[in-house]
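As structure tokens, the structure follows; a few thoughts come after it.
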Amino acid sequence: MSQGPRSGLAAVSTALLAMSRHLEVRDVLKTIVASARELLDAQYAALGVPDDHGGFAQFVVDGVSDEQWKAIGPLPRQHGILAAMLQEARFERLADVREDPRFEGWPSAHPEMSDFLGVPVRDGDEVIAALFLANKVRPAREDRPPAPDTGHRGDCGFTEDDEELLAILAQHAAIALTNARLYERSRELTIAEERSRLAHELHDAVSQKLFSLRLTAQAAAALVDRDPPRAKDELQQVAALAAEAADELRAAVVELRPAALDEDGLVATLRTHVQVLDRAHTARVTFACRGVRALPAAQEEALLRVAQEALHNALRHSGAEHVEVALGRRGPGTFLRVTDDGCGFDPTTVRRAGRHLGLVSMRDRASGVGGTLTVQSEPGKGTTIEMEAPGG
């Protein structure tokens, strides 16, 4: 390879180790594209995971700023050269992607690209992603080695060695991506099984108490007129049974605290939740965190539950294209902000109509840990829900 055996192998080893360190799917994808771009001296790198509807479930880029990415607009569709890579499992090495007859243009804010090198990422016979690079960073002309005669039109900056190296990365990317998906699926199944177990326990314990309470209350009602002392005893039993049911319900609720909070903490748990939603919905869901330390258990759970409720509303009711979740420090406390660019609503009208959109429970959770909740929304102007809690 053009870097020389020792430096080339060291760079490949570093890239492969970086891939294997991550278990979250989106972290794996980001590491793959960053490693490929750095290893092969490209200006841009991207990896797209196709969905079943002609688009991409995920599309990760490296070399494009956040501002550029927002200006580009919606994710690309499966067409042109990308479609050929996915549908035909084809390698592509082009001197100028814009001159290829399959090229269908790009948005005005899209960076200009010429040299192109793309490989399919395959898991067995299935193509699970497309990995590509653009704009080879070339050495100064006097230091540039002569380009090999590959039969490709024009002077493509990417070489056969580059293609071979990217193919190796793609093979390991498939392993890393598959492992990350299995890990996330395993966690989801574990959480589902735990919730099912708790639901059965809750039903068995509390429903029995409520059944006994109902029978005792009926007996007390029948005794009120003919035997008041016995009716009083029965009512005391009703009060005791109600207290026991409340205690068991409270214990079950405490046990329902997300296991990931205890294991990973609020930041990692919320980041994972956002990543799962980003894959599951057409809206882009992002997460940013700055300077948050570990919080008391009650605060962490309240912040997570408020975030979950706000995200549910944004993704199910607002029609938003982008939902942003931010977690950070403010003075002596911590703030959580969930913002969407959806249809918005009039909070006053919602209250008068008796529709709460989860706002009551969110306010209760915030006030329960000494925090506050604010809601800003207008029809057609999106919604921002912000919670502040002490600590952090």
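In the structure tokens, chains take letters A, B, ... by order of appearance, with residues numbered from 1 within each chain and ligands from 1 in the order shown.
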All residues 12 Å or closer to region 223-239 of chain A, only C-alpha atoms, same chain fewer than 4 positions away omitted, as a list of chain:residue names:
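So the residues in contact are A:Lys209, A:Leu210, A:Phe211, A:Ser212, A:Leu213, A:Arg214, A:Leu215, A:Thr216, A:Ala217, A:Gln218, A:Ala219, A:Ala243, A:Glu244, A:Ala245, A:Ala246.
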Grab the residues selected above and save them as an mmCIF file, in the first residue's frame with all heavy atoms.
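The result, written out as out.cif:
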data_model
loop_
_atom_site.group_PDB
_atom_site.id
_atom_site.type_symbol
_atom_site.label_atom_id
_atom_site.label_comp_id
_atom_site.auth_asym_id
_atom_site.auth_seq_id
_atom_site.Cartn_x
_atom_site.Cartn_y
_atom_site.Cartn_z
ATOM 1 N N LYS A 209 -55.006 -7.674 46.777
ATOM 2 C CA LYS A 209 -55.309 -6.735 47.853
ATOM 3 C C LYS A 209 -56.580 -5.937 47.537
ATOM 4 O O LYS A 209 -57.439 -5.722 48.409
ATOM 5 C CB LYS A 209 -54.138 -5.778 48.063
ATOM 6 C CG LYS A 209 -52.931 -6.395 48.753
ATOM 7 C CD LYS A 209 -53.196 -6.624 50.227
ATOM 8 C CE LYS A 209 -51.944 -7.041 50.982
ATOM 9 N NZ LYS A 209 -51.305 -8.237 50.474
ATOM 10 N N LEU A 210 -56.712 -5.496 46.306
ATOM 11 C CA LEU A 210 -57.886 -4.706 45.932
ATOM 12 C C LEU A 210 -59.153 -5.548 45.995
ATOM 13 O O LEU A 210 -60.229 -5.057 46.373
ATOM 14 C CB LEU A 210 -57.704 -4.123 44.529
ATOM 15 C CG LEU A 210 -56.595 -3.069 44.392
ATOM 16 C CD1 LEU A 210 -56.460 -2.631 42.935
ATOM 17 C CD2 LEU A 210 -56.887 -1.855 45.265
ATOM 18 N N PHE A 211 -59.057 -6.826 45.625
ATOM 19 C CA PHE A 211 -60.212 -7.716 45.705
ATOM 20 C C PHE A 211 -60.654 -7.882 47.163
ATOM 21 O O PHE A 211 -61.849 -7.788 47.493
ATOM 22 C CB PHE A 211 -59.874 -9.072 45.087
ATOM 23 C CG PHE A 211 -61.004 -10.053 45.110
ATOM 24 C CD1 PHE A 211 -62.117 -9.874 44.293
ATOM 25 C CD2 PHE A 211 -60.964 -11.154 45.952
ATOM 26 C CE1 PHE A 211 -63.172 -10.776 44.307
ATOM 27 C CE2 PHE A 211 -62.012 -12.067 45.975
ATOM 28 C CZ PHE A 211 -63.132 -11.874 45.150
ATOM 29 N N SER A 212 -59.690 -8.116 48.055
ATOM 30 C CA SER A 212 -60.010 -8.246 49.482
ATOM 31 C C SER A 212 -60.587 -6.945 50.024
ATOM 32 O O SER A 212 -61.532 -6.963 50.836
ATOM 33 C CB SER A 212 -58.744 -8.619 50.271
ATOM 34 O OG SER A 212 -58.235 -9.861 49.845
ATOM 35 N N LEU A 213 -60.050 -5.831 49.587
ATOM 36 C CA LEU A 213 -60.537 -4.534 50.051
ATOM 37 C C LEU A 213 -61.994 -4.334 49.646
ATOM 38 O O LEU A 213 -62.819 -3.853 50.434
ATOM 39 C CB LEU A 213 -59.650 -3.436 49.477
ATOM 40 C CG LEU A 213 -59.823 -2.013 50.009
ATOM 41 C CD1 LEU A 213 -58.497 -1.257 49.865
ATOM 42 C CD2 LEU A 213 -60.887 -1.238 49.243
ATOM 43 N N ARG A 214 -62.336 -4.719 48.410
ATOM 44 C CA ARG A 214 -63.702 -4.541 47.937
ATOM 45 C C ARG A 214 -64.681 -5.399 48.743
ATOM 46 O O ARG A 214 -65.746 -4.927 49.160
ATOM 47 C CB ARG A 214 -63.793 -4.909 46.462
ATOM 48 C CG ARG A 214 -65.166 -4.612 45.856
ATOM 49 C CD ARG A 214 -65.202 -4.974 44.395
ATOM 50 N NE ARG A 214 -65.092 -6.422 44.209
ATOM 51 C CZ ARG A 214 -65.177 -7.024 43.025
ATOM 52 N NH1 ARG A 214 -65.320 -6.315 41.916
ATOM 53 N NH2 ARG A 214 -65.083 -8.340 42.933
ATOM 54 N N LEU A 215 -64.304 -6.671 49.014
ATOM 55 C CA LEU A 215 -65.181 -7.536 49.784
ATOM 56 C C LEU A 215 -65.367 -7.019 51.210
ATOM 57 O O LEU A 215 -66.478 -7.046 51.768
ATOM 58 C CB LEU A 215 -64.608 -8.956 49.821
ATOM 59 C CG LEU A 215 -64.597 -9.724 48.490
ATOM 60 C CD1 LEU A 215 -63.981 -11.102 48.687
ATOM 61 C CD2 LEU A 215 -66.009 -9.848 47.925
ATOM 62 N N THR A 216 -64.299 -6.539 51.818
ATOM 63 C CA THR A 216 -64.383 -6.028 53.183
ATOM 64 C C THR A 216 -65.244 -4.776 53.242
ATOM 65 O O THR A 216 -66.025 -4.578 54.192
ATOM 66 C CB THR A 216 -62.968 -5.735 53.720
ATOM 67 O OG1 THR A 216 -62.144 -6.885 53.569
ATOM 68 C CG2 THR A 216 -63.019 -5.348 55.190
ATOM 69 N N ALA A 217 -65.091 -3.902 52.235
ATOM 70 C CA ALA A 217 -65.922 -2.700 52.188
ATOM 71 C C ALA A 217 -67.395 -3.054 52.043
ATOM 72 O O ALA A 217 -68.268 -2.423 52.650
ATOM 73 C CB ALA A 217 -65.475 -1.804 51.041
ATOM 74 N N GLN A 218 -67.731 -4.083 51.251
ATOM 75 C CA GLN A 218 -69.118 -4.517 51.094
ATOM 76 C C GLN A 218 -69.673 -5.068 52.409
ATOM 77 O O GLN A 218 -70.830 -4.811 52.763
ATOM 78 C CB GLN A 218 -69.205 -5.580 49.995
ATOM 79 C CG GLN A 218 -68.962 -5.038 48.591
ATOM 80 C CD GLN A 218 -68.864 -6.129 47.551
ATOM 81 O OE1 GLN A 218 -68.692 -7.309 47.883
ATOM 82 N NE2 GLN A 218 -68.945 -5.751 46.269
ATOM 83 N N ALA A 219 -68.843 -5.821 53.124
ATOM 84 C CA ALA A 219 -69.277 -6.352 54.410
ATOM 85 C C ALA A 219 -69.545 -5.232 55.404
ATOM 86 O O ALA A 219 -70.537 -5.264 56.161
ATOM 87 C CB ALA A 219 -68.216 -7.316 54.960
ATOM 88 N N ALA A 243 -53.725 0.559 52.765
ATOM 89 C CA ALA A 243 -52.342 0.952 53.032
ATOM 90 C C ALA A 243 -51.368 -0.092 52.486
ATOM 91 O O ALA A 243 -50.323 0.250 51.911
ATOM 92 C CB ALA A 243 -52.140 1.137 54.533
ATOM 93 N N GLU A 244 -51.693 -1.381 52.659
ATOM 94 C CA GLU A 244 -50.830 -2.438 52.134
ATOM 95 C C GLU A 244 -50.746 -2.374 50.605
ATOM 96 O O GLU A 244 -49.668 -2.541 50.018
ATOM 97 C CB GLU A 244 -51.354 -3.801 52.570
ATOM 98 C CG GLU A 244 -51.193 -4.088 54.062
ATOM 99 C CD GLU A 244 -51.800 -5.422 54.452
ATOM 100 O OE1 GLU A 244 -52.134 -6.199 53.527
ATOM 101 O OE2 GLU A 244 -51.933 -5.688 55.657
ATOM 102 N N ALA A 245 -51.902 -2.151 49.961
ATOM 103 C CA ALA A 245 -51.901 -2.053 48.498
ATOM 104 C C ALA A 245 -51.053 -0.884 48.030
ATOM 105 O O ALA A 245 -50.307 -0.994 47.046
ATOM 106 C CB ALA A 245 -53.334 -1.912 47.990
ATOM 107 N N ALA A 246 -51.174 0.245 48.747
ATOM 108 C CA ALA A 246 -50.378 1.420 48.380
ATOM 109 C C ALA A 246 -48.891 1.143 48.535
ATOM 110 O O ALA A 246 -48.068 1.551 47.690
ATOM 111 C CB ALA A 246 -50.795 2.620 49.228
#
Quick one: residues within 12 Å of Arg305 (chain A), only C-alpha atoms, excluding same-chain residues fewer than 6 positions away - as a VMD selection string?
chain A and resid 256 to 258 261 266 269 to 270 273 298 to 299 311 to 312 336 358 to 359 361 to 366 387
Excluding region 120-126 of chain A and residues on its chain fewer than 4 positions from it, collect all residues at most 6 Å away from it, counting only C-alpha atoms, and give them as a PyMOL selection string.
chain A and resi 85+89+130+170+174
Grab the residues selected above and save them as a PDB file, in the first residue's frame with N, CA, C and O atoms.
ATOM      1  N   MET A  85     -24.607   0.590  -5.668  1.00  0.00           N
ATOM      2  CA  MET A  85     -23.792  -0.036  -4.635  1.00  0.00           C
ATOM      3  C   MET A  85     -24.629  -0.946  -3.744  1.00  0.00           C
ATOM      4  O   MET A  85     -24.189  -2.028  -3.348  1.00  0.00           O
ATOM      5  N   ALA A  89     -24.392  -4.600  -5.140  1.00  0.00           N
ATOM      6  CA  ALA A  89     -23.171  -4.871  -4.366  1.00  0.00           C
ATOM      7  C   ALA A  89     -21.926  -4.520  -5.171  1.00  0.00           C
ATOM      8  O   ALA A  89     -20.939  -5.256  -5.182  1.00  0.00           O
ATOM      9  N   ALA A 130     -23.798   1.198   2.663  1.00  0.00           N
ATOM     10  CA  ALA A 130     -22.879   1.641   1.613  1.00  0.00           C
ATOM     11  C   ALA A 130     -21.899   2.624   2.234  1.00  0.00           C
ATOM     12  O   ALA A 130     -22.301   3.574   2.906  1.00  0.00           O
ATOM     13  N   ALA A 170     -14.645  -2.216   5.205  1.00  0.00           N
ATOM     14  CA  ALA A 170     -16.063  -2.526   5.067  1.00  0.00           C
ATOM     15  C   ALA A 170     -16.393  -3.890   5.661  1.00  0.00           C
ATOM     16  O   ALA A 170     -17.450  -4.076   6.275  1.00  0.00           O
ATOM     17  N   ALA A 174     -18.930  -4.357   8.829  1.00  0.00           N
ATOM     18  CA  ALA A 174     -20.106  -5.224   8.865  1.00  0.00           C
ATOM     19  C   ALA A 174     -20.164  -6.000  10.178  1.00  0.00           C
ATOM     20  O   ALA A 174     -21.235  -6.133  10.794  1.00  0.00           O
TER      21      ALA A 174
END
Taking only C-alpha atoms into account, which of A:Asp346, A:His172, A:Leu40, A:Asp51 comes nearest Glu160 (chain A)?
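Nearest to Glu160 (chain A): A:Leu40.
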So that I can see what lies close to Val25 (chain A), please list as a VMD selection string the residues with an atom at most 9 Å from it, counting only C-alpha atoms and leaving out residues fewer than 3 positions away in the same chain.
chain A and resid 22 28 to 30 176 to 181 183 to 184 275
Write out, as a CSV table (one decimal), in the first residue's frame, the residues just selected, with all heavy atoms.
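File written: part.csv
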chain,number,residue,atom,x,y,z
A,22,HIS,N,-16.9,0.4,20.5
A,22,HIS,CA,-18.2,0.9,20.7
A,22,HIS,C,-19.3,-0.2,20.5
A,22,HIS,O,-19.1,-1.1,19.7
A,22,HIS,CB,-18.5,2.0,19.6
A,22,HIS,CG,-17.6,3.2,19.8
A,22,HIS,ND1,-17.7,4.1,20.8
A,22,HIS,CD2,-16.5,3.6,19.0
A,22,HIS,CE1,-16.7,5.0,20.7
A,22,HIS,NE2,-16.0,4.7,19.6
A,28,VAL,N,-20.8,3.3,16.4
A,28,VAL,CA,-20.0,2.5,15.5
A,28,VAL,C,-20.0,3.1,14.1
A,28,VAL,O,-18.9,3.2,13.5
A,28,VAL,CB,-20.7,1.1,15.4
A,28,VAL,CG1,-20.1,0.3,14.3
A,28,VAL,CG2,-20.5,0.3,16.8
A,29,LEU,N,-21.1,3.6,13.6
A,29,LEU,CA,-21.2,4.2,12.3
A,29,LEU,C,-20.3,5.4,12.2
A,29,LEU,O,-19.5,5.6,11.2
A,29,LEU,CB,-22.6,4.6,12.0
A,29,LEU,CG,-23.6,3.4,11.9
A,29,LEU,CD1,-25.0,4.0,11.5
A,29,LEU,CD2,-23.2,2.4,10.9
A,30,LYS,N,-20.3,6.3,13.2
A,30,LYS,CA,-19.5,7.5,13.2
A,30,LYS,C,-18.0,7.1,13.2
A,30,LYS,O,-17.2,7.7,12.5
A,30,LYS,CB,-19.8,8.3,14.4
A,30,LYS,CG,-21.1,9.0,14.4
A,30,LYS,CD,-21.3,9.9,15.6
A,30,LYS,CE,-22.6,10.6,15.6
A,30,LYS,NZ,-22.9,11.4,16.8
A,176,ALA,N,-18.7,-5.1,13.1
A,176,ALA,CA,-18.9,-4.2,14.2
A,176,ALA,C,-20.4,-3.7,14.2
A,176,ALA,O,-21.0,-3.6,15.3
A,176,ALA,CB,-18.0,-3.0,14.0
A,177,LEU,N,-21.0,-3.5,13.0
A,177,LEU,CA,-22.3,-3.0,12.9
A,177,LEU,C,-23.3,-4.1,13.4
A,177,LEU,O,-24.3,-3.9,14.1
A,177,LEU,CB,-22.7,-2.6,11.5
A,177,LEU,CG,-24.0,-2.0,11.2
A,177,LEU,CD1,-24.4,-0.9,12.2
A,177,LEU,CD2,-24.1,-1.5,9.8
A,178,THR,N,-23.1,-5.3,12.9
A,178,THR,CA,-23.9,-6.4,13.3
A,178,THR,C,-23.9,-6.7,14.8
A,178,THR,O,-24.9,-6.9,15.5
A,178,THR,CB,-23.5,-7.7,12.6
A,178,THR,OG1,-23.6,-7.5,11.2
A,178,THR,CG2,-24.4,-8.9,13.0
A,179,ASN,N,-22.7,-6.6,15.4
A,179,ASN,CA,-22.5,-6.8,16.8
A,179,ASN,C,-23.2,-5.7,17.6
A,179,ASN,O,-23.9,-6.0,18.7
A,179,ASN,CB,-21.0,-6.9,17.2
A,179,ASN,CG,-20.3,-8.1,16.8
A,179,ASN,OD1,-21.0,-9.1,16.5
A,179,ASN,ND2,-19.0,-8.1,16.8
A,180,ALA,N,-23.1,-4.5,17.2
A,180,ALA,CA,-23.8,-3.4,17.9
A,180,ALA,C,-25.3,-3.6,17.8
A,180,ALA,O,-26.0,-3.3,18.8
A,180,ALA,CB,-23.4,-2.1,17.2
A,181,ARG,N,-25.8,-4.0,16.6
A,181,ARG,CA,-27.3,-4.2,16.5
A,181,ARG,C,-27.7,-5.3,17.5
A,181,ARG,O,-28.8,-5.2,18.1
A,181,ARG,CB,-27.6,-4.6,15.1
A,181,ARG,CG,-27.6,-3.4,14.1
A,181,ARG,CD,-27.9,-3.9,12.7
A,181,ARG,NE,-28.2,-2.8,11.8
A,181,ARG,CZ,-28.4,-2.9,10.5
A,181,ARG,NH1,-28.2,-4.1,10.0
A,181,ARG,NH2,-28.7,-1.8,9.8
A,183,TYR,N,-26.3,-6.2,20.2
A,183,TYR,CA,-26.2,-5.7,21.6
A,183,TYR,C,-27.4,-4.9,22.0
A,183,TYR,O,-28.0,-5.1,23.0
A,183,TYR,CB,-24.9,-4.9,21.8
A,183,TYR,CG,-24.8,-4.1,23.1
A,183,TYR,CD1,-24.5,-4.8,24.3
A,183,TYR,CD2,-25.1,-2.8,23.1
A,183,TYR,CE1,-24.4,-4.1,25.5
A,183,TYR,CE2,-25.0,-2.1,24.3
A,183,TYR,CZ,-24.7,-2.8,25.5
A,183,TYR,OH,-24.6,-2.1,26.7
A,184,GLU,N,-27.8,-4.0,21.1
A,184,GLU,CA,-28.9,-3.1,21.4
A,184,GLU,C,-30.2,-4.0,21.4
A,184,GLU,O,-31.1,-3.7,22.3
A,184,GLU,CB,-29.1,-2.0,20.3
A,184,GLU,CG,-28.0,-1.0,20.4
A,184,GLU,CD,-28.3,0.3,19.7
A,184,GLU,OE1,-29.3,0.3,19.0
A,184,GLU,OE2,-27.5,1.3,19.8
A,275,GLN,N,-31.0,7.7,20.4
A,275,GLN,CA,-30.5,7.0,19.2
A,275,GLN,C,-31.5,6.0,18.7
A,275,GLN,O,-31.7,5.8,17.5
A,275,GLN,CB,-29.2,6.3,19.5
A,275,GLN,CG,-28.0,7.3,19.7
A,275,GLN,CD,-26.8,6.6,20.3
A,275,GLN,OE1,-26.9,5.5,20.7
A,275,GLN,NE2,-25.7,7.3,20.3
Neighbouring residues of Val97 (chain A) were defined as those with any atom within 7 Å, considering only C-alpha atoms; residues of the same chain fewer than 2 positions away were excluded. Please report them as a VMD selection string.
chain A and resid 94 to 95 99 to 100 103 114 to 116
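Minimum atom-to-atom distance to Val276 (chain A), evaluated using only C-alpha atoms, belongs to A:Ala57 out of A:Ile32, A:Ala57, A:Cys343, A:Val127.
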Residues within 10 Å of Arg102 (chain A), please, as a PDB file with all heavy atoms, in the first residue's frame. Count only C-alpha atoms; anything in the same chain fewer than 5 positions from it doesn't count.
ATOM      1  N   HIS A  79     -30.758   6.213  -4.829  1.00  0.00           N
ATOM      2  CA  HIS A  79     -30.820   6.389  -6.282  1.00  0.00           C
ATOM      3  C   HIS A  79     -29.400   6.513  -6.825  1.00  0.00           C
ATOM      4  O   HIS A  79     -28.431   6.648  -6.083  1.00  0.00           O
ATOM      5  CB  HIS A  79     -31.662   7.622  -6.656  1.00  0.00           C
ATOM      6  CG  HIS A  79     -31.121   8.912  -6.086  1.00  0.00           C
ATOM      7  ND1 HIS A  79     -30.041   9.568  -6.623  1.00  0.00           N
ATOM      8  CD2 HIS A  79     -31.527   9.650  -5.020  1.00  0.00           C
ATOM      9  CE1 HIS A  79     -29.796  10.656  -5.919  1.00  0.00           C
ATOM     10  NE2 HIS A  79     -30.670  10.740  -4.941  1.00  0.00           N
ATOM     11  N   GLY A  80     -29.296   6.477  -8.125  1.00  0.00           N
ATOM     12  CA  GLY A  80     -28.010   6.689  -8.779  1.00  0.00           C
ATOM     13  C   GLY A  80     -26.939   5.721  -8.336  1.00  0.00           C
ATOM     14  O   GLY A  80     -27.141   4.506  -8.252  1.00  0.00           O
ATOM     15  N   ILE A  81     -25.782   6.265  -8.050  1.00  0.00           N
ATOM     16  CA  ILE A  81     -24.626   5.442  -7.697  1.00  0.00           C
ATOM     17  C   ILE A  81     -24.838   4.720  -6.375  1.00  0.00           C
ATOM     18  O   ILE A  81     -24.438   3.561  -6.213  1.00  0.00           O
ATOM     19  CB  ILE A  81     -23.361   6.319  -7.659  1.00  0.00           C
ATOM     20  CG1 ILE A  81     -23.135   6.943  -9.043  1.00  0.00           C
ATOM     21  CG2 ILE A  81     -22.140   5.517  -7.230  1.00  0.00           C
ATOM     22  CD1 ILE A  81     -22.109   8.029  -9.067  1.00  0.00           C
ATOM     23  N   LEU A  82     -25.474   5.392  -5.421  1.00  0.00           N
ATOM     24  CA  LEU A  82     -25.740   4.735  -4.142  1.00  0.00           C
ATOM     25  C   LEU A  82     -26.636   3.516  -4.337  1.00  0.00           C
ATOM     26  O   LEU A  82     -26.428   2.462  -3.725  1.00  0.00           O
ATOM     27  CB  LEU A  82     -26.393   5.712  -3.162  1.00  0.00           C
ATOM     28  CG  LEU A  82     -25.523   6.861  -2.645  1.00  0.00           C
ATOM     29  CD1 LEU A  82     -26.301   7.698  -1.648  1.00  0.00           C
ATOM     30  CD2 LEU A  82     -24.255   6.326  -2.003  1.00  0.00           C
ATOM     31  N   ALA A  83     -27.629   3.638  -5.190  1.00  0.00           N
ATOM     32  CA  ALA A  83     -28.519   2.506  -5.450  1.00  0.00           C
ATOM     33  C   ALA A  83     -27.757   1.340  -6.075  1.00  0.00           C
ATOM     34  O   ALA A  83     -27.988   0.173  -5.734  1.00  0.00           O
ATOM     35  CB  ALA A  83     -29.664   2.943  -6.360  1.00  0.00           C
ATOM     36  N   ALA A  84     -26.842   1.645  -6.996  1.00  0.00           N
ATOM     37  CA  ALA A  84     -26.053   0.584  -7.624  1.00  0.00           C
ATOM     38  C   ALA A  84     -25.202  -0.145  -6.594  1.00  0.00           C
ATOM     39  O   ALA A  84     -25.089  -1.384  -6.617  1.00  0.00           O
ATOM     40  CB  ALA A  84     -25.173   1.169  -8.724  1.00  0.00           C
ATOM     41  N   VAL A  97     -17.442  12.014  -9.978  1.00  0.00           N
ATOM     42  CA  VAL A  97     -18.772  11.458  -9.808  1.00  0.00           C
ATOM     43  C   VAL A  97     -19.815  12.250 -10.585  1.00  0.00           C
ATOM     44  O   VAL A  97     -20.836  11.718 -11.021  1.00  0.00           O
ATOM     45  CB  VAL A  97     -19.124  11.400  -8.304  1.00  0.00           C
ATOM     46  CG1 VAL A  97     -19.237  12.790  -7.697  1.00  0.00           C
ATOM     47  CG2 VAL A  97     -20.403  10.620  -8.069  1.00  0.00           C
TER      48      VAL A  97
END
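Pairwise distance (CA of Glu386 (chain A), CA of Ala310 (chain A)) equals 9.4 Å.
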Calculated over only C-alpha atoms, which of the candidates A:Glu88, A:Asp27, A:Glu38, A:Glu301 has the smallest distance to Ala134 (chain A)?
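Closest to Ala134 (chain A), using only C-alpha atoms: A:Glu38.
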Would you please work out which residue, of A:Val323, A:Gly291, A:Arg337, A:Pro390, is nearest to Val375 (chain A) when using only C-alpha atoms?
A:Arg337
Using the chain letters and numbers from this document, which residues of region 35-186 of chain A does DSSP assign to helix (DSSP H, G or I), as an MDAnalysis selection string?
chainID A and resid 35:39 66:72 80:88 97:99 141:143 160:186
When you count only C-alpha atoms, which of these residues is closest to Leu373 (chain A): A:Val61, A:Val292, A:Leu166, A:Val306?
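When distances to Leu373 (chain A) are compared using only C-alpha atoms, the smallest one comes from A:Val306.
Between CA of Gln43 (chain A) and CA of Asn135 (chain A) there is a distance of 5.3 Å.
Between CA of Val285 (chain A) and CA of Phe345 (chain A) the separation is 20.1 Å.
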